[in-house]
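Participant: Here it is, the structure in full.
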Amino acid sequence: MSTHGRSKTRREFLRDGAILGAAASVGPGLLAACGTSSSGTSGVAKSGRPSRKNTLFVSGWQSSPPVNFNPLAARPDWPNAFPTAAGQHMLVYESLFGFDTLSGGIKPVLGKSVSYPDATTAVVQLHPEAHWQDGKALTADDVVYTFRLAKEHSDLNYATVWTYVSDVVKKDDHTVQFALNPDNVNPGQLRHFLATVPILPQHVWTAVESKSGSLLSQVDMKPVGSGPFKLYDQNQQRIALVRDDSYWGKGVYGVPAPAYLIHPILKSNDDISLAFQSGELDYSQSFIPQIWQMWEQKHLPVSTWLRQPPYHLPGSIPLLLLNVHRKGLDNVNVRRALAHAIDYEQIAATAMSRYSVPARASLVIPDGPEKKFFASNQAQQMGWAHDPQKAVQLLESAGATKGGDGIYRLPDGTRLGPWKLQCPYGWTDWMTSLQVVQQSAKAVGIELTTNFPEVPQFFESVYSGDYDMVQFFVTGLDPSAPWARFRDVLDSRGVPPIGQSAFWDTNRFSDPSVPSLLGRAGAAASSDVTRLFAQLDAVFQNNVPAIPLEYRPFEFFEYNETAWTGFPNSKNPYAPPTMSGAGVRWLFKVRTKG
């Protein structure tokens with residue numbers, strides 16, 4: 001959960017009408033921005049105004065009042081946040097396919113199927129029933145327009161699709177053909193874009209294009225998508241969506257069970273935890289410490305995907321990114337010493353509240369769809385583990401000597417710190433992780449200080465490369481993972497200099513062997529790709545440009561069955577444990593208990 005600012009008290013939330021107790025009706029504060037009832041809105045849910053019996057309350061994506069639902073913006077508001085991995089929320093905008101975090105494959109959404117007539121061609125068949133929320137038909141023209149938009153506007157988040165695709169053409173109204181770049185064949189990356197790019201209505205966006213300024217800066221408070229929900233209202237306390245009962249997919253997928261989705265604007269993980277355990281939230285994607293106590297000790301109708309540790313499926317690897325150009329940190333022995341100093345078991349037990357196993361020295365997630373690529377012996381032999389004595393040996397073998405202040409200095413006099421550790425304020429699990437890193441480093445003679453800026457300031461410093469060390473995310477589970485993760489951490493191609501915004505390789509690490517390895521791995525047959533991933537991992541392990549700290553679930557899949565029931569879990573895995581990509585389908589299966 002991205003959180004910042006002062007936390008509200010429970011009394012303030014009730015006073016504001018942002019969220020309500022499980023048995024209550026939705027109060028007037030919640031609907032203050034509405035002005036009219038939903039019955040006057042064509043095509044939307046005919047269940048009257050939001051009430052506790054027809055509304056699913058969700059949280060974990062939005063911690064500040066909404067200002068822009070433009071899905072192409074740098075940081076659009078929920079539910080239109082452009083994904084870095086497993087896809088759109090598929091609520092207002094939809095992509096062609098949805099990523100399934102359980103299988104690692106992609107599932108139909110707007111696209112019925114994708115076929116590969118040859119090694120450099122992909123053909124997508126669209127659902128002929130598809131239409132936009134304003135009633136106009138959704139055709140191949142819209143798909144071609146959306147992808148070509150990123151060719152004409154290279155600042156868009158998905159513009160890199162044109163690194164892997166050489167052309168996108170309409171074959172007929174319901175058929176789109178993608179030509180893969182013959183010089184950079186990468187079917188996994190194509191699947192990534194098929195599952196993540198929000199398809200846009202050409203008849204709406206041509207008018208947006210005519211306006212001055214970048215498409216990223218255009219403000220859109222009335223989004224028109226193809227998904228099963230429309231924007232109902234928004235204000236300082238919440239974002240509300242209303243079901244579109246004219247949804248094109250109702251004959252294919254049905255319609256969602258909730259008539260309304262409401263995302264209260266909660267400022268911190270603590271606020272969310274309080275609301276969740278009281279039954280005011282039905283679903284949460286946030287860090288709630290020791291959630292098992294809610295059912296083991298408090299006997300609440302709460303659960304996660306798993307009922308035993310680690311309770312969640314691993315879906316990403318939050319990394320400690322090291323500025324390899326900072327004096328001192330440009331020494332690989334210093335970076336390796338820090339990697340050996342960190343107590344990964346303590347991070348897993350405390351910062352991650354047992355939701356992670358201790359992190360390994362690899363960019364491959366060791367469980368789930370990526371398990372087949374994880375080279376365990378290599379990670380043990382070439383990587384690192386918590387070993388303070390080894391950390392000290394590495395520093396002293398580099399000629400470092402400890403000063404009277406207990407901090408090592410390199411032979412040229414460079415003091416190992418103070419270096420600043422950063423993550424956003426309010427991201428409590430990450431804040432605790434960095435406190436463990438700080439303590440671990442101090443124990444071996446490296447001085448680190450923690451700093452927790454507001455989210456905008458933090459992202460600006462990360463993308464510009466202006467940091468010592470930051471905890472940050474890279475691509476998690478994804479149709480192209482772990483390939484995309486190696487690209488994010490190791491590939492300097494296309495990355496601007498420090499001071500300009502970069503969206504991968506933000507610490508500007510570079511190794512001459514990486515481009516060839518990535519190119520071969522992207523096009524490799526399954527029999528060769530594991531070996532190539534191991535070679536990329538060896539580059540990572542030898543150079544230590546970043547340090548895995550923990551395994552985070554793609555989403556903290558947490559549900560409270562006070563008001564709604566029928567959520568998927570490990571015993572009933574009818575949908576993956578996310579509310580994005582293929583995971584949106586559980587919204588069609590849950591049922592109210594009212």
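Identifiers in the structure tokens: chain A, B, ... in order shown; residue index from 1 per chain; ligand index from 1 in order shown.
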Within stretch 302-504 of chain A, find each residue whose DSSP state, derived from the backbone, is alpha helix (DSSP H), and express the selection as a PyMOL selection string.
Facilitator: chain A and resi 332-341+344-346+376-382+388-397+428-443+455-464+483-490
Participant: Within 8 Å of stretch 358-367 of chain A, counting only C-alpha atoms, which residues qualify if same-chain residues fewer than 3 places away don't, as a list in words?
Facilitator: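 Residues near the query, excluding close chain neighbours: Pro314, Gly315, Ser316, Ile317, Tyr344, Glu345, Ile347, Ala348, Glu370, Lys371, Phe373, Phe374, Ala379, Gln380, Gly383, Trp384, Ala385, Pro482, Arg485, Phe486, Asp537, Phe540, Gln541, Ile547, Pro548, Leu549, Glu550 and Tyr551 of chain A.
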Participant: Stretch 450-454 of chain A: which residues within 9 Å, counting only C-alpha atoms, same-chain residues fewer than 3 positions away excluded, as an MDAnalysis selection string?
Facilitator: chainID A and resid 3:5 419:427 431 434:435 438 457:459
Participant: Mind checking which residues fall within 6 Å of stretch 123-138 of chain A, counting only C-alpha atoms, ignoring those fewer than 2 positions away in the same chain, and posting them as a compact mmCIF listing (two decimals) with N, CA and C atoms, in the first residue's frame?
Facilitator:
# COMPACT_ATOMS: atom_id res chain seq x y z
N LEU A 110 -10.78 -9.19 -23.77
CA LEU A 110 -11.30 -8.70 -25.05
C LEU A 110 -10.91 -9.63 -26.18
N GLY A 111 -9.77 -10.26 -26.05
CA GLY A 111 -9.32 -11.23 -27.03
C GLY A 111 -9.87 -12.61 -26.73
N LYS A 112 -10.37 -13.29 -27.75
CA LYS A 112 -10.85 -14.67 -27.56
C LYS A 112 -9.70 -15.65 -27.59
N SER A 113 -8.69 -15.38 -28.45
CA SER A 113 -7.58 -16.31 -28.61
C SER A 113 -6.41 -15.59 -29.24
N VAL A 114 -5.22 -16.17 -29.07
CA VAL A 114 -4.03 -15.71 -29.78
C VAL A 114 -3.35 -16.93 -30.36
N SER A 115 -2.97 -16.84 -31.63
CA SER A 115 -2.29 -17.94 -32.31
C SER A 115 -1.01 -17.43 -32.94
N HIS A 174 -12.57 -8.03 -36.40
CA HIS A 174 -12.36 -8.77 -35.16
C HIS A 174 -11.05 -9.55 -35.15
N THR A 175 -10.11 -9.16 -36.01
CA THR A 175 -8.82 -9.85 -36.08
C THR A 175 -7.69 -8.84 -36.16
N VAL A 176 -6.69 -8.98 -35.30
CA VAL A 176 -5.52 -8.10 -35.28
C VAL A 176 -4.28 -8.97 -35.42
N GLN A 177 -3.36 -8.55 -36.27
CA GLN A 177 -2.11 -9.29 -36.47
C GLN A 177 -0.93 -8.47 -35.97
N GLY A 225 -14.45 3.24 -20.86
CA GLY A 225 -13.75 2.00 -21.16
C GLY A 225 -14.70 0.96 -21.70
N SER A 226 -14.26 -0.30 -21.61
CA SER A 226 -15.10 -1.41 -22.05
C SER A 226 -15.44 -2.34 -20.91
N TRP A 248 -20.57 -5.59 -22.23
CA TRP A 248 -20.54 -6.44 -23.42
C TRP A 248 -20.31 -7.91 -23.08
Participant: Pick out each residue of stretch 39-145 of chain A that DSSP on the backbone tags as strand (DSSP E); I need them as a list in words.
Facilitator: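 DSSP on the backbone gives strand (DSSP E) at Thr55, Leu56, Phe57, Val58, Ser59, Phe97, Gly98, Phe99, Ile106, Lys107, Pro108, Gly111, Lys112, Ser113, Val114, Ser115, Tyr116, Pro117, Asp118, Thr121, Ala122, Val123, Val124, Gln125 and Leu126 of chain A.
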Participant: Can you work out which one of A:Trp61, A:Trp483, A:Ser353, A:Met579 has the shortest atom-to-atom distance to A:Leu532, counting only C-alpha atoms?
Facilitator: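 For A:Leu532, the nearest of the given residues is A:Trp483.
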Participant: In terms of the shortest atom-to-atom distance over only C-alpha atoms, which of A:Ala74, A:Val255, A:Val324, A:Leu261 is closest to A:Val219?
Facilitator: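 So, comparing all the options, the nearest one is A:Ala74.
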Participant: Choose the residue, out of A:Gly60, A:Gly465, A:Gly249, A:Pro201, that has the smallest atom-to-atom separation from A:Phe276; count only C-alpha atoms.
Facilitator: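 Of A:Gly60, A:Gly465, A:Gly249, A:Pro201, the one nearest A:Phe276 is A:Gly60, counting only C-alpha atoms.
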Participant: So that I can see what lies close to stretch 335-337 of chain A, please list as number ranges by chain the residues with an atom at most 12 Å from it, counting only C-alpha atoms and leaving out residues fewer than 5 positions away in the same chain.
Facilitator: A: 320-330, 342, 361, 382-398, 400, 408, 416, 440-446, 468-469, 540-547
Participant: Pick the closest to A:Asp478 from A:Asn157, A:Ser212, A:Gln439, A:Thr196: which is it, counting only C-alpha atoms?
Facilitator: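 Between A:Asn157, A:Ser212, A:Gln439, A:Thr196, the residue approaching A:Asp478 most closely is A:Thr196.
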